[in-house]
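Containing PDB, C-alpha atoms, pLDDT in the B column: work04.pdb.
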```
MODEL        1
ATOM      1  CA  MET A   1     108.085 -81.763 230.235  1.00 92.00           C
ATOM      2  CA  PRO A   2     107.629 -79.796 226.988  1.00 94.00           C
ATOM      3  CA  SER A   3     103.852 -79.881 227.404  1.00 96.00           C
ATOM      4  CA  GLU A   4     104.186 -78.598 231.003  1.00 96.00           C
ATOM      5  CA  ILE A   5     106.385 -75.728 229.813  1.00 96.00           C
ATOM      6  CA  GLN A   6     103.882 -74.903 227.079  1.00 97.00           C
ATOM      7  CA  ARG A   7     100.978 -75.071 229.549  1.00 95.00           C
ATOM      8  CA  TYR A   8     102.749 -72.768 232.013  1.00 93.00           C
ATOM      9  CA  CYS A   9     103.618 -70.264 229.292  1.00 94.00           C
ATOM     10  CA  LYS A  10     100.008 -70.249 228.086  1.00 95.00           C
ATOM     11  CA  GLU A  11      98.627 -69.827 231.632  1.00 92.00           C
ATOM     12  CA  THR A  12     100.987 -66.916 232.302  1.00 91.00           C
ATOM     13  CA  ARG A  13     100.244 -65.259 228.937  1.00 92.00           C
ATOM     14  CA  GLN A  14     103.746 -65.713 227.554  1.00 93.00           C
ATOM     15  CA  VAL A  15     104.756 -66.703 224.058  1.00 94.00           C
ATOM     16  CA  VAL A  16     104.278 -70.476 223.936  1.00 97.00           C
ATOM     17  CA  PRO A  17     107.337 -72.270 222.569  1.00 97.00           C
ATOM     18  CA  GLN A  18     106.404 -74.693 219.793  1.00 97.00           C
ATOM     19  CA  THR A  19     109.571 -76.274 218.447  1.00 97.00           C
ATOM     20  CA  LYS A  20     112.174 -78.318 220.282  1.00 97.00           C
ATOM     21  CA  GLY A  21     114.647 -75.445 219.843  1.00 97.00           C
ATOM     22  CA  GLU A  22     112.216 -72.894 221.279  1.00 97.00           C
ATOM     23  CA  ILE A  23     111.549 -75.128 224.293  1.00 97.00           C
ATOM     24  CA  ILE A  24     115.269 -75.643 224.908  1.00 97.00           C
ATOM     25  CA  ALA A  25     115.880 -71.879 224.611  1.00 97.00           C
ATOM     26  CA  CYS A  26     113.058 -71.268 227.101  1.00 97.00           C
ATOM     27  CA  ILE A  27     114.609 -73.719 229.575  1.00 97.00           C
ATOM     28  CA  LEU A  28     118.130 -72.314 229.238  1.00 98.00           C
ATOM     29  CA  GLN A  29     116.948 -68.701 229.497  1.00 97.00           C
ATOM     30  CA  SER A  30     114.953 -69.580 232.612  1.00 96.00           C
ATOM     31  CA  ILE A  31     117.998 -71.187 234.231  1.00 97.00           C
ATOM     32  CA  ALA A  32     120.199 -68.174 233.400  1.00 98.00           C
ATOM     33  CA  LEU A  33     117.593 -65.772 234.776  1.00 98.00           C
ATOM     34  CA  LYS A  34     117.313 -67.827 237.963  1.00 97.00           C
ATOM     35  CA  TYR A  35     121.105 -67.645 238.300  1.00 97.00           C
ATOM     36  CA  ARG A  36     120.783 -63.845 238.166  1.00 98.00           C
ATOM     37  CA  TRP A  37     118.074 -63.864 240.821  1.00 97.00           C
ATOM     38  CA  VAL A  38     120.171 -66.084 243.125  1.00 96.00           C
ATOM     39  CA  LEU A  39     123.264 -63.960 242.492  1.00 97.00           C
ATOM     40  CA  GLU A  40     121.390 -60.804 243.481  1.00 97.00           C
ATOM     41  CA  GLU A  41     120.126 -62.502 246.641  1.00 96.00           C
ATOM     42  CA  LEU A  42     123.700 -63.594 247.493  1.00 96.00           C
ATOM     43  CA  GLU A  43     124.929 -60.045 246.987  1.00 97.00           C
ATOM     44  CA  LYS A  44     122.359 -58.829 249.520  1.00 97.00           C
ATOM     45  CA  VAL A  45     123.673 -61.360 252.046  1.00 97.00           C
ATOM     46  CA  VAL A  46     127.379 -60.666 251.532  1.00 97.00           C
ATOM     47  CA  GLY A  47     126.885 -56.909 251.125  1.00 97.00           C
ATOM     48  CA  ARG A  48     128.908 -56.489 247.954  1.00 97.00           C
ATOM     49  CA  LYS A  49     128.655 -56.983 244.208  1.00 97.00           C
ATOM     50  CA  LEU A  50     129.980 -60.277 242.880  1.00 96.00           C
ATOM     51  CA  LEU A  51     131.746 -59.435 239.631  1.00 96.00           C
ATOM     52  CA  THR A  52     132.422 -62.843 238.084  1.00 97.00           C
ATOM     53  CA  VAL A  53     130.462 -66.065 237.835  1.00 97.00           C
ATOM     54  CA  TYR A  54     132.506 -69.264 237.900  1.00 95.00           C
ATOM     55  CA  ILE A  55     130.964 -72.445 236.542  1.00 95.00           C
ATOM     56  CA  VAL A  56     132.700 -75.782 236.989  1.00 94.00           C
ATOM     57  CA  GLY A  57     131.730 -79.381 236.462  1.00 93.00           C
ATOM     58  CA  GLY A  58     129.795 -80.973 233.643  1.00 91.00           C
ATOM     59  CA  GLY A  59     127.682 -77.870 233.110  1.00 89.00           C
ATOM     60  CA  ILE A  60     130.612 -76.137 231.448  1.00 94.00           C
ATOM     61  CA  ARG A  61     129.907 -78.197 228.342  1.00 95.00           C
ATOM     62  CA  ASN A  62     126.686 -76.267 227.671  1.00 97.00           C
ATOM     63  CA  THR A  63     128.154 -73.237 225.935  1.00 97.00           C
ATOM     64  CA  LEU A  64     124.752 -71.714 225.166  1.00 98.00           C
ATOM     65  CA  LEU A  65     123.765 -71.786 228.844  1.00 98.00           C
ATOM     66  CA  ASN A  66     127.134 -70.280 229.768  1.00 98.00           C
ATOM     67  CA  GLN A  67     126.625 -67.411 227.311  1.00 98.00           C
ATOM     68  CA  PHE A  68     123.036 -66.906 228.474  1.00 98.00           C
ATOM     69  CA  THR A  69     124.336 -66.778 232.056  1.00 98.00           C
ATOM     70  CA  ALA A  70     126.844 -64.063 231.143  1.00 98.00           C
ATOM     71  CA  ASP A  71     124.106 -62.159 229.310  1.00 98.00           C
ATOM     72  CA  ALA A  72     121.448 -62.561 232.017  1.00 98.00           C
ATOM     73  CA  THR A  73     123.763 -61.677 234.923  1.00 98.00           C
ATOM     74  CA  ASN A  74     125.688 -59.005 233.003  1.00 98.00           C
ATOM     75  CA  ARG A  75     128.883 -60.497 234.351  1.00 98.00           C
ATOM     76  CA  ILE A  76     131.832 -62.324 232.909  1.00 98.00           C
ATOM     77  CA  VAL A  77     131.410 -66.078 233.238  1.00 98.00           C
ATOM     78  CA  ILE A  78     134.506 -68.257 233.530  1.00 96.00           C
ATOM     79  CA  THR A  79     134.137 -72.007 233.095  1.00 97.00           C
ATOM     80  CA  GLY A  80     136.353 -74.956 233.877  1.00 90.00           C
ATOM     81  CA  PRO A  81     137.424 -77.585 234.757  1.00 92.00           C
ATOM     82  CA  ALA A  82     134.776 -80.187 233.898  1.00 92.00           C
ATOM     83  CA  GLU A  83     136.049 -82.593 236.582  1.00 93.00           C
ATOM     84  CA  ALA A  84     136.015 -80.008 239.363  1.00 92.00           C
ATOM     85  CA  THR A  85     135.204 -82.420 242.186  1.00 93.00           C
ATOM     86  CA  THR A  86     138.177 -84.617 241.398  1.00 95.00           C
ATOM     87  CA  VAL A  87     140.509 -81.674 240.877  1.00 95.00           C
ATOM     88  CA  GLY A  88     139.370 -80.071 244.145  1.00 94.00           C
ATOM     89  CA  ASN A  89     139.953 -83.301 246.020  1.00 96.00           C
ATOM     90  CA  ILE A  90     143.460 -83.603 244.573  1.00 96.00           C
ATOM     91  CA  MET A  91     144.257 -79.990 245.498  1.00 97.00           C
ATOM     92  CA  LEU A  92     143.076 -80.464 249.095  1.00 96.00           C
ATOM     93  CA  GLN A  93     145.142 -83.637 249.425  1.00 97.00           C
ATOM     94  CA  ALA A  94     148.166 -81.793 248.019  1.00 97.00           C
ATOM     95  CA  ILE A  95     147.669 -79.053 250.627  1.00 97.00           C
ATOM     96  CA  ALA A  96     147.267 -81.639 253.415  1.00 97.00           C
ATOM     97  CA  LEU A  97     150.459 -83.391 252.283  1.00 98.00           C
ATOM     98  CA  ARG A  98     152.211 -80.012 252.067  1.00 97.00           C
ATOM     99  CA  GLU A  99     152.958 -80.517 248.379  1.00 97.00           C
ATOM    100  CA  ILE A 100     151.463 -77.077 247.854  1.00 96.00           C
ATOM    101  CA  SER A 101     151.298 -74.381 250.493  1.00 96.00           C
ATOM    102  CA  SER A 102     147.869 -72.786 250.226  1.00 95.00           C
ATOM    103  CA  LEU A 103     144.470 -72.566 248.628  1.00 95.00           C
ATOM    104  CA  ASP A 104     145.729 -69.607 246.590  1.00 96.00           C
ATOM    105  CA  GLU A 105     148.531 -71.772 245.209  1.00 97.00           C
ATOM    106  CA  ALA A 106     146.019 -74.531 244.417  1.00 96.00           C
ATOM    107  CA  ARG A 107     143.823 -72.055 242.528  1.00 92.00           C
ATOM    108  CA  GLU A 108     146.811 -70.796 240.572  1.00 94.00           C
ATOM    109  CA  LEU A 109     147.789 -74.362 239.718  1.00 95.00           C
ATOM    110  CA  VAL A 110     144.266 -75.084 238.444  1.00 92.00           C
ATOM    111  CA  ARG A 111     144.215 -71.854 236.382  1.00 90.00           C
ATOM    112  CA  ASN A 112     147.513 -72.831 234.761  1.00 93.00           C
ATOM    113  CA  SER A 113     146.601 -76.501 234.228  1.00 94.00           C
ATOM    114  CA  PHE A 114     143.156 -76.352 232.645  1.00 93.00           C
ATOM    115  CA  HIS A 115     141.610 -74.486 229.775  1.00 91.00           C
ATOM    116  CA  LEU A 116     139.256 -71.872 231.199  1.00 92.00           C
ATOM    117  CA  GLN A 117     136.664 -70.382 228.872  1.00 96.00           C
ATOM    118  CA  GLU A 118     135.452 -66.827 229.307  1.00 97.00           C
ATOM    119  CA  TYR A 119     132.010 -65.594 228.263  1.00 98.00           C
ATOM    120  CA  LYS A 120     131.306 -61.872 228.069  1.00 98.00           C
ATOM    121  CA  PRO A 121     127.834 -60.389 228.520  1.00 98.00           C
ATOM    122  CA  SER A 122     125.915 -58.850 225.652  1.00 97.00           C
ATOM    123  CA  ASN A 123     122.364 -57.763 224.816  1.00 95.00           C
ATOM    124  CA  ARG A 124     121.909 -56.018 228.146  1.00 96.00           C
ATOM    125  CA  VAL A 125     118.592 -54.313 227.347  1.00 97.00           C
ATOM    126  CA  TYR A 126     117.047 -57.547 226.062  1.00 97.00           C
ATOM    127  CA  TRP A 127     118.109 -59.525 229.146  1.00 98.00           C
ATOM    128  CA  ASP A 128     117.106 -56.774 231.592  1.00 98.00           C
ATOM    129  CA  ASP A 129     113.621 -56.716 230.051  1.00 97.00           C
ATOM    130  CA  LEU A 130     113.437 -60.501 230.191  1.00 97.00           C
ATOM    131  CA  TYR A 131     114.551 -60.431 233.831  1.00 97.00           C
ATOM    132  CA  GLU A 132     111.817 -57.975 234.808  1.00 96.00           C
ATOM    133  CA  LYS A 133     109.241 -60.343 233.266  1.00 94.00           C
ATOM    134  CA  PHE A 134     110.891 -63.266 235.046  1.00 95.00           C
ATOM    135  CA  LYS A 135     110.678 -61.520 238.432  1.00 95.00           C
ATOM    136  CA  ARG A 136     106.985 -60.774 237.881  1.00 92.00           C
ATOM    137  CA  LEU A 137     106.376 -64.445 237.059  1.00 92.00           C
ATOM    138  CA  ILE A 138     108.262 -65.567 240.173  1.00 86.00           C
ATOM    139  CA  LYS A 139     106.194 -63.175 242.279  1.00 84.00           C
ATOM    140  CA  ILE A 140     102.940 -64.478 240.754  1.00 72.00           C
ATOM    141  CA  ARG A 141     104.015 -68.094 241.215  1.00 69.00           C
ATOM    142  CA  ASN A 142     105.036 -67.525 244.845  1.00 66.00           C
ATOM    143  CA  SER A 143     101.716 -65.790 245.526  1.00 59.00           C
ATOM    144  CA  ASP A 144      99.868 -68.761 244.015  1.00 60.00           C
ATOM    145  CA  ARG A 145     101.837 -71.168 246.232  1.00 57.00           C
ATOM    146  CA  GLU A 146     101.097 -69.126 249.347  1.00 54.00           C
ATOM    147  CA  LEU A 147      97.392 -69.052 248.468  1.00 48.00           C
ATOM    148  CA  SER A 148      97.386 -72.798 247.809  1.00 56.00           C
ATOM    149  CA  SER A 149      99.155 -73.443 251.121  1.00 52.00           C
ATOM    150  CA  PHE A 150      96.688 -71.209 252.958  1.00 48.00           C
ATOM    151  CA  LYS A 151      93.726 -73.074 251.434  1.00 56.00           C
ATOM    152  CA  LYS A 152      95.166 -76.440 252.569  1.00 61.00           C
ATOM    153  CA  LYS A 153      95.581 -75.177 256.155  1.00 58.00           C
ATOM    154  CA  GLY A 154      92.093 -73.627 256.266  1.00 55.00           C
TER     155      GLY A 154
ENDMDL
END
```

Taking this structure as input, can you express it in the form of structure tokens?
Amino acid sequence: MPSEIQRYCKETRQVVPQTKGEIIACILQSIALKYRWVLEELEKVVGRKLLTVYIVGGGIRNTLLNQFTADATNRIVITGPAEATTVGNIMLQAIALREISSLDEARELVRNSFHLQEYKPSNRVYWDDLYEKFKRLIKIRNSDRELSSFKKKG
């Protein structure tokens, strides 16, 4: 995978990451920028700005990715709990058994029962510049795929 990342960066005239740390940073930045792209697409569909990003599950353990996500999206990121699937299942069963009265009560119970970490955005200019480059790369890549698909059909 590192060689594929390096090859892609070279082909697209980007700085080519050399060290393990640079490659990991490239991967995490790319994921955070993709989150921003998806978030903007969701906002178009729902017709309003989504102000907070919630991350649950095992991914909450990657604090660098969580901070990059806050930075890239320019939104507060709240993480927790790590075992979200299990907790969600328990909450739905509690609602079904009428141990708790609503989804709102379940959410409040989760907020009060688990440590939630908050990440605040920073470096806005840096991340906005990086995002503009990211969008250009996505556009180029999508154009290449369309051309490749057209050649296969022809």

Near range 50-55 of chain A, within 10 Å and counting only C-alpha atoms, which residues show up once chain neighbours fewer than 3 positions away are dropped, as a PDB file with C-alpha atoms, keeping the file's coordinate frame?
```pdb
ATOM      1  CA  TYR A  35     121.105 -67.645 238.300  1.00 97.00           C
ATOM      2  CA  ARG A  36     120.783 -63.845 238.166  1.00 98.00           C
ATOM      3  CA  LEU A  39     123.264 -63.960 242.492  1.00 97.00           C
ATOM      4  CA  GLU A  40     121.390 -60.804 243.481  1.00 97.00           C
ATOM      5  CA  LEU A  42     123.700 -63.594 247.493  1.00 96.00           C
ATOM      6  CA  GLU A  43     124.929 -60.045 246.987  1.00 97.00           C
ATOM      7  CA  VAL A  46     127.379 -60.666 251.532  1.00 97.00           C
ATOM      8  CA  GLY A  47     126.885 -56.909 251.125  1.00 97.00           C
ATOM      9  CA  GLY A  58     129.795 -80.973 233.643  1.00 91.00           C
ATOM     10  CA  GLY A  59     127.682 -77.870 233.110  1.00 89.00           C
ATOM     11  CA  ILE A  60     130.612 -76.137 231.448  1.00 94.00           C
ATOM     12  CA  ASN A  66     127.134 -70.280 229.768  1.00 98.00           C
ATOM     13  CA  THR A  69     124.336 -66.778 232.056  1.00 98.00           C
ATOM     14  CA  ALA A  70     126.844 -64.063 231.143  1.00 98.00           C
ATOM     15  CA  THR A  73     123.763 -61.677 234.923  1.00 98.00           C
ATOM     16  CA  ASN A  74     125.688 -59.005 233.003  1.00 98.00           C
ATOM     17  CA  ARG A  75     128.883 -60.497 234.351  1.00 98.00           C
ATOM     18  CA  ILE A  76     131.832 -62.324 232.909  1.00 98.00           C
ATOM     19  CA  VAL A  77     131.410 -66.078 233.238  1.00 98.00           C
ATOM     20  CA  ILE A  78     134.506 -68.257 233.530  1.00 96.00           C
ATOM     21  CA  THR A  79     134.137 -72.007 233.095  1.00 97.00           C
ATOM     22  CA  GLY A  80     136.353 -74.956 233.877  1.00 90.00           C
ATOM     23  CA  PRO A  81     137.424 -77.585 234.757  1.00 92.00           C
ATOM     24  CA  ALA A  82     134.776 -80.187 233.898  1.00 92.00           C
ATOM     25  CA  ALA A  84     136.015 -80.008 239.363  1.00 92.00           C
ATOM     26  CA  LEU A 116     139.256 -71.872 231.199  1.00 92.00           C
ATOM     27  CA  GLN A 117     136.664 -70.382 228.872  1.00 96.00           C
ATOM     28  CA  GLU A 118     135.452 -66.827 229.307  1.00 97.00           C
ATOM     29  CA  TYR A 119     132.010 -65.594 228.263  1.00 98.00           C
TER      30      TYR A 119
END
```

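Between CA of Val110 in chain A and CA of Val87 in chain A there is a distance of 8.0 Å.
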
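With distances taken from (119.3, -72.9, 228.6) and restricted to only C-alpha atoms, the residues inside 12 Å are Gly21, Glu22, Ile23, Ile24, Ala25, Cys26, Ile27, Leu28, Gln29, Ser30, Ile31, Ala32, Leu33, Lys34, Tyr35, Gly59, Arg61, Asn62, Thr63, Leu64, Leu65, Asn66, Gln67, Phe68, Thr69, Ala70, Asp71 and Ala72 of chain A.
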
Could those residues be written to a file, using C-alpha atoms, as a compact mmCIF listing (two decimals), keeping the file's coordinate frame?
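Output file out_6.txt is given in full below:
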```
# COMPACT_ATOMS: atom_id res chain seq x y z
CA GLY A 21 114.65 -75.44 219.84
CA GLU A 22 112.22 -72.89 221.28
CA ILE A 23 111.55 -75.13 224.29
CA ILE A 24 115.27 -75.64 224.91
CA ALA A 25 115.88 -71.88 224.61
CA CYS A 26 113.06 -71.27 227.10
CA ILE A 27 114.61 -73.72 229.58
CA LEU A 28 118.13 -72.31 229.24
CA GLN A 29 116.95 -68.70 229.50
CA SER A 30 114.95 -69.58 232.61
CA ILE A 31 118.00 -71.19 234.23
CA ALA A 32 120.20 -68.17 233.40
CA LEU A 33 117.59 -65.77 234.78
CA LYS A 34 117.31 -67.83 237.96
CA TYR A 35 121.10 -67.64 238.30
CA GLY A 59 127.68 -77.87 233.11
CA ARG A 61 129.91 -78.20 228.34
CA ASN A 62 126.69 -76.27 227.67
CA THR A 63 128.15 -73.24 225.94
CA LEU A 64 124.75 -71.71 225.17
CA LEU A 65 123.76 -71.79 228.84
CA ASN A 66 127.13 -70.28 229.77
CA GLN A 67 126.62 -67.41 227.31
CA PHE A 68 123.04 -66.91 228.47
CA THR A 69 124.34 -66.78 232.06
CA ALA A 70 126.84 -64.06 231.14
CA ASP A 71 124.11 -62.16 229.31
CA ALA A 72 121.45 -62.56 232.02
```

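If you look at CA of Arg7 in chain A and CA of Asn123 in chain A, they are 27.9 Å away from each other.
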
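For the residues A:Gly88, A:Lys120, A:Gln18, A:Ile138, ranking by smallest atom-to-atom distance to Arg107 in chain A using all atoms listed in the file places A:Gly88 first.
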
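Here CA of Arg13 in chain A and CA of Ile140 in chain A stand 12.1 Å from one another.
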
Taking the file as I've supplied it (selection: the PyMOL selection byres ((chain A and resi 109) around 12)), which residues are included? Please answer as a list in words.
Pro81, Val87, Gly88, Ile90, Met91, Ala94, Ile95, Glu99, Ile100, Ser101, Ser102, Leu103, Asp104, Glu105, Ala106, Arg107, Glu108, Val110, Arg111, Asn112, Ser113, Phe114 and His115 of chain A

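Residue nearest Lys135 in chain A, chosen from A:Pro2, A:Thr19, A:Lys10, A:Val38 and counting all atoms listed in the file: A:Val38.
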
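Using only C-alpha atoms, the nearest neighbour of Leu137 in chain A within the list A:Glu11, A:Glu83, A:Arg124, A:Gly57 is A:Glu11.
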
Kindly indicate which residue among A:Arg48, A:Phe134, A:Val125, A:Lys139 lies nearest to Gln14 in chain A, using only C-alpha atoms for the distances.
A:Phe134
